[in-house]
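Okay, data_39.tsv now, which holds TSV, C-alpha atoms:
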chain	number	residue	atom	x	y	z
U	1	MET	CA	2.97	-16.01	-17.47
U	2	THR	CA	0.54	-13.29	-16.37
U	3	PRO	CA	1.88	-9.88	-15.41
U	4	PRO	CA	1.55	-8.90	-11.74
U	5	VAL	CA	-1.66	-7.12	-10.82
U	6	VAL	CA	-1.19	-3.55	-9.64
U	7	HIS	CA	-3.83	-2.47	-7.17
U	8	SER	CA	-4.93	1.11	-6.75
U	9	LEU	CA	-4.38	2.82	-3.41
U	10	ARG	CA	-8.12	2.53	-2.69
U	11	GLU	CA	-7.99	-1.23	-3.36
U	12	GLN	CA	-4.94	-1.64	-1.12
U	13	ILE	CA	-6.69	0.24	1.68
U	14	ARG	CA	-9.86	-1.81	1.15
U	15	GLU	CA	-7.83	-5.03	1.43
U	16	HIS	CA	-6.15	-3.69	4.60
U	17	ILE	CA	-9.55	-3.03	6.18
U	18	VAL	CA	-10.96	-6.40	5.05
U	19	GLU	CA	-7.91	-8.15	6.51
U	20	GLY	CA	-8.42	-6.20	9.75
U	21	ILE	CA	-12.01	-7.41	9.97
U	22	VAL	CA	-11.10	-11.02	9.09
U	23	SER	CA	-8.28	-11.09	11.63
U	24	GLY	CA	-10.52	-9.67	14.37
U	25	ARG	CA	-8.73	-6.35	14.66
U	26	TRP	CA	-12.16	-4.75	14.22
U	27	LYS	CA	-15.00	-6.78	15.66
U	28	PRO	CA	-18.70	-6.62	14.74
U	29	GLY	CA	-20.19	-3.37	16.03
U	30	GLU	CA	-16.76	-1.79	16.54
U	31	ARG	CA	-16.08	1.64	15.09
U	32	ILE	CA	-13.56	2.06	12.27
U	33	VAL	CA	-12.00	5.53	12.38
U	34	GLU	CA	-11.14	6.91	8.96
U	35	ARG	CA	-8.52	9.33	10.25
U	36	ARG	CA	-6.70	6.61	12.23
U	37	ILE	CA	-6.43	4.40	9.17
U	38	ALA	CA	-5.14	7.32	7.09
U	39	VAL	CA	-2.46	8.10	9.69
U	40	GLU	CA	-1.52	4.43	10.11
U	41	LEU	CA	-1.13	3.91	6.35
U	42	GLU	CA	0.34	7.38	5.78
U	43	VAL	CA	-2.26	8.33	3.18
U	44	SER	CA	-4.85	11.05	2.85
U	45	GLN	CA	-8.37	10.42	4.10
U	46	THR	CA	-9.84	10.51	0.58
U	47	PRO	CA	-8.82	6.98	-0.53
U	48	VAL	CA	-9.73	5.67	2.94
U	49	ARG	CA	-13.19	7.23	2.59
U	50	GLU	CA	-13.53	5.68	-0.90
U	51	ALA	CA	-12.55	2.24	0.41
U	52	LEU	CA	-15.02	2.55	3.29
U	53	ARG	CA	-17.83	3.51	0.87
U	54	GLU	CA	-17.03	0.46	-1.21
U	55	LEU	CA	-17.08	-1.80	1.85
U	56	GLU	CA	-20.41	-0.31	2.88
U	57	ALA	CA	-21.82	-1.11	-0.56
U	58	LEU	CA	-20.63	-4.69	0.01
U	59	ARG	CA	-22.47	-4.71	3.36
U	60	LEU	CA	-19.30	-5.37	5.38
U	61	ILE	CA	-19.60	-2.13	7.30
U	62	GLU	CA	-22.37	0.35	8.00
U	63	SER	CA	-22.36	4.04	8.66
U	64	ALA	CA	-24.79	6.17	10.58
U	65	PRO	CA	-24.93	9.95	10.91
U	66	ASN	CA	-23.08	11.16	14.01
U	67	LYS	CA	-22.04	7.58	14.86
U	68	GLY	CA	-19.40	6.92	12.21
U	69	VAL	CA	-18.54	3.68	10.47
U	70	ARG	CA	-18.87	0.32	12.20
U	71	VAL	CA	-18.29	-3.32	11.32
U	72	ARG	CA	-21.67	-4.79	10.47
U	73	GLN	CA	-23.28	-7.38	12.77
U	74	ILE	CA	-24.20	-10.53	10.85
U	75	SER	CA	-27.31	-12.60	11.68
U	76	ALA	CA	-27.95	-16.31	11.11
U	77	ALA	CA	-30.46	-15.34	8.39
U	78	ASP	CA	-27.74	-13.31	6.64
U	79	LEU	CA	-25.46	-16.35	6.68
U	80	GLU	CA	-28.15	-18.60	5.23
U	81	GLU	CA	-28.51	-16.23	2.29
U	82	ILE	CA	-24.79	-15.67	1.85
U	83	TYR	CA	-23.56	-19.27	1.88
U	84	PRO	CA	-25.04	-20.53	-1.43
U	85	VAL	CA	-23.98	-17.33	-3.22
U	86	ARG	CA	-20.44	-17.64	-1.89
U	87	ALA	CA	-20.28	-21.31	-2.87
U	88	GLY	CA	-21.40	-20.44	-6.41
U	89	LEU	CA	-18.79	-17.71	-6.70
U	90	GLU	CA	-16.07	-20.07	-5.47
U	91	GLN	CA	-17.09	-22.68	-8.04
U	92	ILE	CA	-16.76	-20.12	-10.84
U	93	ALA	CA	-13.44	-18.92	-9.38
U	94	ALA	CA	-12.06	-22.48	-9.23
U	95	GLU	CA	-13.02	-23.10	-12.85
U	96	LEU	CA	-11.33	-19.86	-13.96
U	97	ALA	CA	-8.28	-20.40	-11.74
U	98	ALA	CA	-7.65	-24.04	-12.71
U	99	PRO	CA	-5.52	-23.33	-15.80
U	100	ARG	CA	-3.39	-20.78	-13.92
U	101	LEU	CA	-2.97	-22.98	-10.86
U	102	ALA	CA	-2.18	-26.06	-12.96
U	103	ALA	CA	0.92	-24.19	-14.14
U	104	ASP	CA	1.89	-22.82	-10.72
U	105	VAL	CA	0.31	-23.69	-7.36
U	106	SER	CA	2.92	-21.81	-5.31
U	107	ALA	CA	0.37	-19.14	-4.29
U	108	LEU	CA	-1.70	-21.77	-2.46
U	109	ARG	CA	1.12	-23.70	-0.74
U	110	PRO	CA	1.67	-21.28	2.19
U	111	HIS	CA	-2.06	-21.38	3.01
U	112	VAL	CA	-2.18	-25.18	2.93
U	113	ALA	CA	0.91	-25.40	5.16
U	114	ALA	CA	-0.63	-22.91	7.60
U	115	LEU	CA	-3.87	-24.94	7.66
U	116	TYR	CA	-1.97	-28.16	8.48
U	117	GLU	CA	-0.11	-26.34	11.26
U	118	ALA	CA	-3.31	-24.88	12.72
U	119	ASP	CA	-4.89	-28.35	12.61
U	120	ARG	CA	-1.88	-29.92	14.39
U	121	GLU	CA	-2.12	-27.26	17.09
U	122	GLY	CA	-5.90	-27.57	17.38
U	123	ASP	CA	-6.23	-23.83	16.76
U	124	GLY	CA	-9.77	-23.38	15.41
U	125	GLU	CA	-9.45	-19.62	15.00
U	126	ALA	CA	-6.29	-19.99	12.91
U	127	GLN	CA	-7.97	-22.72	10.84
U	128	VAL	CA	-10.79	-20.34	9.95
U	129	ARG	CA	-8.37	-17.50	9.19
U	130	HIS	CA	-6.19	-19.67	6.95
U	131	THR	CA	-9.21	-21.23	5.23
U	132	VAL	CA	-10.47	-17.76	4.32
U	133	ALA	CA	-6.97	-16.83	3.08
U	134	PHE	CA	-6.82	-20.02	0.96
U	135	HIS	CA	-10.22	-19.30	-0.59
U	136	ARG	CA	-9.32	-15.64	-1.18
U	137	GLU	CA	-6.16	-16.73	-3.01
U	138	MET	CA	-8.16	-19.19	-5.10
U	139	VAL	CA	-10.61	-16.45	-6.08
U	140	ARG	CA	-7.71	-14.05	-6.74
U	141	ALA	CA	-6.13	-16.70	-9.00
U	142	SER	CA	-9.26	-16.58	-11.17
U	143	GLY	CA	-7.91	-13.30	-12.54
U	144	ASN	CA	-11.38	-11.76	-12.37
U	145	SER	CA	-11.41	-8.59	-10.25
U	146	VAL	CA	-15.21	-8.34	-10.24
U	147	LEU	CA	-15.44	-11.88	-8.90
U	148	LEU	CA	-12.85	-11.14	-6.21
U	149	HIS	CA	-14.58	-7.91	-5.22
U	150	THR	CA	-17.96	-9.65	-4.96
U	151	TRP	CA	-16.55	-12.65	-3.09
U	152	GLU	CA	-14.81	-10.43	-0.56
U	153	GLY	CA	-18.16	-8.87	0.19
U	154	LEU	CA	-19.52	-12.27	1.14
U	155	GLY	CA	-16.54	-14.27	2.32
U	156	ILE	CA	-15.78	-12.21	5.35
U	157	GLU	CA	-19.29	-12.60	6.71
U	158	VAL	CA	-19.10	-16.39	6.60
Go ahead and express the file in the form of structure tokens.
Amino acid sequence: MTPPVVHSLREQIREHIVEGIVSGRWKPGERIVERRIAVELEVSQTPVREALRELEALRLIESAPNKGVRVRQISAADLEEIYPVRAGLEQIAAELAAPRLAADVSALRPHVAALYEADREGDGEAQVRHTVAFHREMVRASGNSVLLHTWEGLGIEV
């Protein structure tokens, strides 16, 4: 059995922001206020700033002088470039995750159940949200933090 992964504060904040973008809390073009996140999470602005810099490097957000940080707008051309890269990363993740998941698939079950429920209700938005969560869990199960970090930079845009 693998020991639980402990994420740094910066990683936890990054995941919080990514989840906020995936869930639609912050929409494309919308400003993300560093100070508000720090207050909401009861942390200093330093790890929030670090997480935002990391997300900018992943092209999920963009910053401009005197305009702050905003969720990046994604074009159809961006998606055409992203899709094959994401698919390749997910293939690698599935290969790495297979031995772990063969022993214990419990991490995937809630996502599958949520997908079935969203399908029964005809809720397309929930289907997309739960599909992304399923794929994120599959990549996380690979045990490769570089792979997860890279995938997160692409997965949200799709």
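Separating CA of Pro47 in chain U from CA of Ser63 in chain U is a distance of 16.6 Å.
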Problem set entry | Selected residue, from U:Gly68, U:Gly20, U:Gly29, U:Pro99, that lies nearest to Ala141 in chain U when counting all atoms listed in the file | U:Pro99
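CA of Ala133 in chain U is found 10.8 Å from CA of Glu152 in chain U.
Between CA of Ala126 in chain U and CA of Leu9 in chain U the separation is 28.1 Å.
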Find the residues near Thr131 in chain U: any atom within 12 Å, counting only C-alpha atoms, skip ones fewer than 3 places away on the same chain, and give them as a PDB file with C-alpha atoms, keeping the file's coordinate frame.
ATOM      1  CA  VAL U  22     -11.100 -11.020   9.090  1.00  0.00           C
ATOM      2  CA  LEU U 108      -1.700 -21.770  -2.460  1.00  0.00           C
ATOM      3  CA  PRO U 110       1.670 -21.280   2.190  1.00  0.00           C
ATOM      4  CA  HIS U 111      -2.060 -21.380   3.010  1.00  0.00           C
ATOM      5  CA  VAL U 112      -2.180 -25.180   2.930  1.00  0.00           C
ATOM      6  CA  ALA U 113       0.910 -25.400   5.160  1.00  0.00           C
ATOM      7  CA  ALA U 114      -0.630 -22.910   7.600  1.00  0.00           C
ATOM      8  CA  LEU U 115      -3.870 -24.940   7.660  1.00  0.00           C
ATOM      9  CA  TYR U 116      -1.970 -28.160   8.480  1.00  0.00           C
ATOM     10  CA  ALA U 118      -3.310 -24.880  12.720  1.00  0.00           C
ATOM     11  CA  ASP U 119      -4.890 -28.350  12.610  1.00  0.00           C
ATOM     12  CA  GLY U 124      -9.770 -23.380  15.410  1.00  0.00           C
ATOM     13  CA  GLU U 125      -9.450 -19.620  15.000  1.00  0.00           C
ATOM     14  CA  ALA U 126      -6.290 -19.990  12.910  1.00  0.00           C
ATOM     15  CA  GLN U 127      -7.970 -22.720  10.840  1.00  0.00           C
ATOM     16  CA  VAL U 128     -10.790 -20.340   9.950  1.00  0.00           C
ATOM     17  CA  PHE U 134      -6.820 -20.020   0.960  1.00  0.00           C
ATOM     18  CA  HIS U 135     -10.220 -19.300  -0.590  1.00  0.00           C
ATOM     19  CA  ARG U 136      -9.320 -15.640  -1.180  1.00  0.00           C
ATOM     20  CA  GLU U 137      -6.160 -16.730  -3.010  1.00  0.00           C
ATOM     21  CA  MET U 138      -8.160 -19.190  -5.100  1.00  0.00           C
ATOM     22  CA  GLY U 155     -16.540 -14.270   2.320  1.00  0.00           C
ATOM     23  CA  ILE U 156     -15.780 -12.210   5.350  1.00  0.00           C
ATOM     24  CA  VAL U 158     -19.100 -16.390   6.600  1.00  0.00           C
TER      25      VAL U 158
END
Seminar exercise, completed: Shortest contact to Ser8 in chain U, candidates U:Ala57, U:Ile74, U:Glu50, U:Arg100, atoms counted all atoms listed in the file, goes to U:Glu50
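With all atoms listed in the file as the atoms that count, the minimum distance from Ser23 in chain U to the choices U:Leu154, U:Ala102, U:Val85, U:Val132 is reached by U:Val132.
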Exercise. Quick one: residues within 9 Å of Leu96 in chain U, all atoms listed in the file counted, chain neighbours fewer than 6 positions away excluded, as a ChimeraX atom specification?
Worked result: /U:139,141-144
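Candidate residues U:Arg70, U:Arg140, U:His130, U:Arg10 were compared for distance to Ala98 in chain U, and the nearest is U:Arg140, using only C-alpha atoms.
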For this session: Would you mind listing what lies within 12 Å of Arg35 in chain U as number ranges by chain, with only C-alpha atoms counted and same-chain residues fewer than 3 positions away left out?
Result: U: 31-32, 38-49, 52, 68-69
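Here the question is which of U:Arg25, U:Glu117, U:Ile13, U:Glu30 gets nearest to Glu62 in chain U using all atoms listed in the file, and that residue is U:Glu30.
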For this session: Give the answer as one residue: which of U:Val33, U:Ala76, U:Val18, U:Leu147 has the shortest atom-to-atom distance to Glu90 in chain U, using all atoms listed in the file?
Result: U:Leu147
For this session: For a cut-off of 10 Å around (-23.1, -17.9, 0.9), file coordinates, pick out all residues using all atoms listed in the file and list them as a ChimeraX atom specification.
Result: /U:78-90,151,154-155,157-158
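The environment of Gly153 in chain U within 7 Å, counting only C-alpha atoms and disregarding residues fewer than 3 places along the same chain, consists of Leu58, Arg59, Leu60, His149, Thr150 and Ile156 of chain U.
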Could you take the residues named above and write them with C-alpha atoms, as a tab-separated table (two decimals), keeping the file's coordinate frame?
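The file below, out-v3.tsv, is the result:
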chain	number	residue	atom	x	y	z
U	58	LEU	CA	-20.63	-4.69	0.01
U	59	ARG	CA	-22.47	-4.71	3.36
U	60	LEU	CA	-19.30	-5.37	5.38
U	149	HIS	CA	-14.58	-7.91	-5.22
U	150	THR	CA	-17.96	-9.65	-4.96
U	156	ILE	CA	-15.78	-12.21	5.35
Starting from the sparse input, extend range 85-108 of chain U to N, CA, C and O atoms and give the output as a PDB file, in the frame of the given file.
ATOM      1  N   VAL U  85     -24.542 -18.286  -2.266  1.00  0.00           N
ATOM      2  CA  VAL U  85     -23.980 -17.330  -3.220  1.00  0.00           C
ATOM      3  C   VAL U  85     -22.456 -17.444  -3.201  1.00  0.00           C
ATOM      4  O   VAL U  85     -21.804 -17.496  -4.245  1.00  0.00           O
ATOM      5  N   ARG U  86     -21.897 -17.507  -2.008  1.00  0.00           N
ATOM      6  CA  ARG U  86     -20.440 -17.640  -1.890  1.00  0.00           C
ATOM      7  C   ARG U  86     -19.959 -18.935  -2.534  1.00  0.00           C
ATOM      8  O   ARG U  86     -18.968 -18.944  -3.267  1.00  0.00           O
ATOM      9  N   ALA U  87     -20.670 -20.023  -2.294  1.00  0.00           N
ATOM     10  CA  ALA U  87     -20.280 -21.310  -2.870  1.00  0.00           C
ATOM     11  C   ALA U  87     -20.309 -21.239  -4.407  1.00  0.00           C
ATOM     12  O   ALA U  87     -19.411 -21.768  -5.076  1.00  0.00           O
ATOM     13  N   GLY U  88     -21.322 -20.588  -4.959  1.00  0.00           N
ATOM     14  CA  GLY U  88     -21.400 -20.440  -6.410  1.00  0.00           C
ATOM     15  C   GLY U  88     -20.248 -19.620  -6.965  1.00  0.00           C
ATOM     16  O   GLY U  88     -19.658 -19.970  -7.999  1.00  0.00           O
ATOM     17  N   LEU U  89     -19.906 -18.546  -6.272  1.00  0.00           N
ATOM     18  CA  LEU U  89     -18.790 -17.710  -6.700  1.00  0.00           C
ATOM     19  C   LEU U  89     -17.468 -18.484  -6.644  1.00  0.00           C
ATOM     20  O   LEU U  89     -16.628 -18.365  -7.533  1.00  0.00           O
ATOM     21  N   GLU U  90     -17.302 -19.285  -5.601  1.00  0.00           N
ATOM     22  CA  GLU U  90     -16.070 -20.070  -5.470  1.00  0.00           C
ATOM     23  C   GLU U  90     -15.983 -21.144  -6.546  1.00  0.00           C
ATOM     24  O   GLU U  90     -14.887 -21.448  -7.025  1.00  0.00           O
ATOM     25  N   GLN U  91     -17.105 -21.697  -6.951  1.00  0.00           N
ATOM     26  CA  GLN U  91     -17.090 -22.680  -8.040  1.00  0.00           C
ATOM     27  C   GLN U  91     -16.627 -22.025  -9.338  1.00  0.00           C
ATOM     28  O   GLN U  91     -15.758 -22.556 -10.034  1.00  0.00           O
ATOM     29  N   ILE U  92     -17.180 -20.855  -9.640  1.00  0.00           N
ATOM     30  CA  ILE U  92     -16.760 -20.120 -10.840  1.00  0.00           C
ATOM     31  C   ILE U  92     -15.277 -19.772 -10.744  1.00  0.00           C
ATOM     32  O   ILE U  92     -14.530 -19.930 -11.711  1.00  0.00           O
ATOM     33  N   ALA U  93     -14.848 -19.301  -9.577  1.00  0.00           N
ATOM     34  CA  ALA U  93     -13.440 -18.920  -9.380  1.00  0.00           C
ATOM     35  C   ALA U  93     -12.529 -20.123  -9.608  1.00  0.00           C
ATOM     36  O   ALA U  93     -11.488 -20.007 -10.264  1.00  0.00           O
ATOM     37  N   ALA U  94     -12.897 -21.280  -9.074  1.00  0.00           N
ATOM     38  CA  ALA U  94     -12.060 -22.480  -9.230  1.00  0.00           C
ATOM     39  C   ALA U  94     -11.949 -22.869 -10.703  1.00  0.00           C
ATOM     40  O   ALA U  94     -10.866 -23.243 -11.169  1.00  0.00           O
ATOM     41  N   GLU U  95     -13.054 -22.768 -11.426  1.00  0.00           N
ATOM     42  CA  GLU U  95     -13.020 -23.100 -12.850  1.00  0.00           C
ATOM     43  C   GLU U  95     -12.105 -22.139 -13.616  1.00  0.00           C
ATOM     44  O   GLU U  95     -11.341 -22.565 -14.484  1.00  0.00           O
ATOM     45  N   LEU U  96     -12.175 -20.858 -13.285  1.00  0.00           N
ATOM     46  CA  LEU U  96     -11.330 -19.860 -13.960  1.00  0.00           C
ATOM     47  C   LEU U  96      -9.862 -19.983 -13.529  1.00  0.00           C
ATOM     48  O   LEU U  96      -8.957 -19.736 -14.325  1.00  0.00           O
ATOM     49  N   ALA U  97      -9.642 -20.347 -12.279  1.00  0.00           N
ATOM     50  CA  ALA U  97      -8.280 -20.400 -11.740  1.00  0.00           C
ATOM     51  C   ALA U  97      -7.544 -21.685 -12.138  1.00  0.00           C
ATOM     52  O   ALA U  97      -6.311 -21.702 -12.148  1.00  0.00           O
ATOM     53  N   ALA U  98      -8.271 -22.736 -12.453  1.00  0.00           N
ATOM     54  CA  ALA U  98      -7.650 -24.040 -12.710  1.00  0.00           C
ATOM     55  C   ALA U  98      -6.497 -23.991 -13.705  1.00  0.00           C
ATOM     56  O   ALA U  98      -5.423 -24.531 -13.413  1.00  0.00           O
ATOM     57  N   PRO U  99      -6.659 -23.351 -14.873  1.00  0.00           N
ATOM     58  CA  PRO U  99      -5.520 -23.330 -15.800  1.00  0.00           C
ATOM     59  C   PRO U  99      -4.296 -22.605 -15.234  1.00  0.00           C
ATOM     60  O   PRO U  99      -3.162 -23.044 -15.430  1.00  0.00           O
ATOM     61  N   ARG U 100      -4.512 -21.523 -14.512  1.00  0.00           N
ATOM     62  CA  ARG U 100      -3.390 -20.780 -13.920  1.00  0.00           C
ATOM     63  C   ARG U 100      -2.710 -21.609 -12.832  1.00  0.00           C
ATOM     64  O   ARG U 100      -1.492 -21.644 -12.732  1.00  0.00           O
ATOM     65  N   LEU U 101      -3.527 -22.229 -11.981  1.00  0.00           N
ATOM     66  CA  LEU U 101      -2.970 -22.980 -10.860  1.00  0.00           C
ATOM     67  C   LEU U 101      -2.338 -24.289 -11.311  1.00  0.00           C
ATOM     68  O   LEU U 101      -1.426 -24.795 -10.649  1.00  0.00           O
ATOM     69  N   ALA U 102      -2.804 -24.843 -12.432  1.00  0.00           N
ATOM     70  CA  ALA U 102      -2.180 -26.060 -12.960  1.00  0.00           C
ATOM     71  C   ALA U 102      -0.723 -25.789 -13.323  1.00  0.00           C
ATOM     72  O   ALA U 102       0.136 -26.664 -13.168  1.00  0.00           O
ATOM     73  N   ALA U 103      -0.446 -24.572 -13.760  1.00  0.00           N
ATOM     74  CA  ALA U 103       0.920 -24.190 -14.140  1.00  0.00           C
ATOM     75  C   ALA U 103       1.768 -23.820 -12.931  1.00  0.00           C
ATOM     76  O   ALA U 103       2.980 -24.004 -12.946  1.00  0.00           O
ATOM     77  N   ASP U 104       1.120 -23.302 -11.875  1.00  0.00           N
ATOM     78  CA  ASP U 104       1.890 -22.820 -10.720  1.00  0.00           C
ATOM     79  C   ASP U 104       0.986 -22.734  -9.489  1.00  0.00           C
ATOM     80  O   ASP U 104       0.182 -21.813  -9.367  1.00  0.00           O
ATOM     81  N   VAL U 105       1.134 -23.673  -8.573  1.00  0.00           N
ATOM     82  CA  VAL U 105       0.310 -23.690  -7.360  1.00  0.00           C
ATOM     83  C   VAL U 105       1.009 -23.023  -6.176  1.00  0.00           C
ATOM     84  O   VAL U 105       0.523 -23.081  -5.050  1.00  0.00           O
ATOM     85  N   SER U 106       2.130 -22.367  -6.418  1.00  0.00           N
ATOM     86  CA  SER U 106       2.920 -21.810  -5.310  1.00  0.00           C
ATOM     87  C   SER U 106       2.140 -20.797  -4.481  1.00  0.00           C
ATOM     88  O   SER U 106       2.418 -20.649  -3.287  1.00  0.00           O
ATOM     89  N   ALA U 107       1.139 -20.126  -5.055  1.00  0.00           N
ATOM     90  CA  ALA U 107       0.370 -19.140  -4.290  1.00  0.00           C
ATOM     91  C   ALA U 107      -0.483 -19.805  -3.208  1.00  0.00           C
ATOM     92  O   ALA U 107      -0.786 -19.192  -2.184  1.00  0.00           O
ATOM     93  N   LEU U 108      -0.844 -21.071  -3.424  1.00  0.00           N
ATOM     94  CA  LEU U 108      -1.700 -21.770  -2.460  1.00  0.00           C
ATOM     95  C   LEU U 108      -0.913 -22.514  -1.381  1.00  0.00           C
ATOM     96  O   LEU U 108      -1.426 -22.749  -0.284  1.00  0.00           O
TER      97      LEU U 108
END
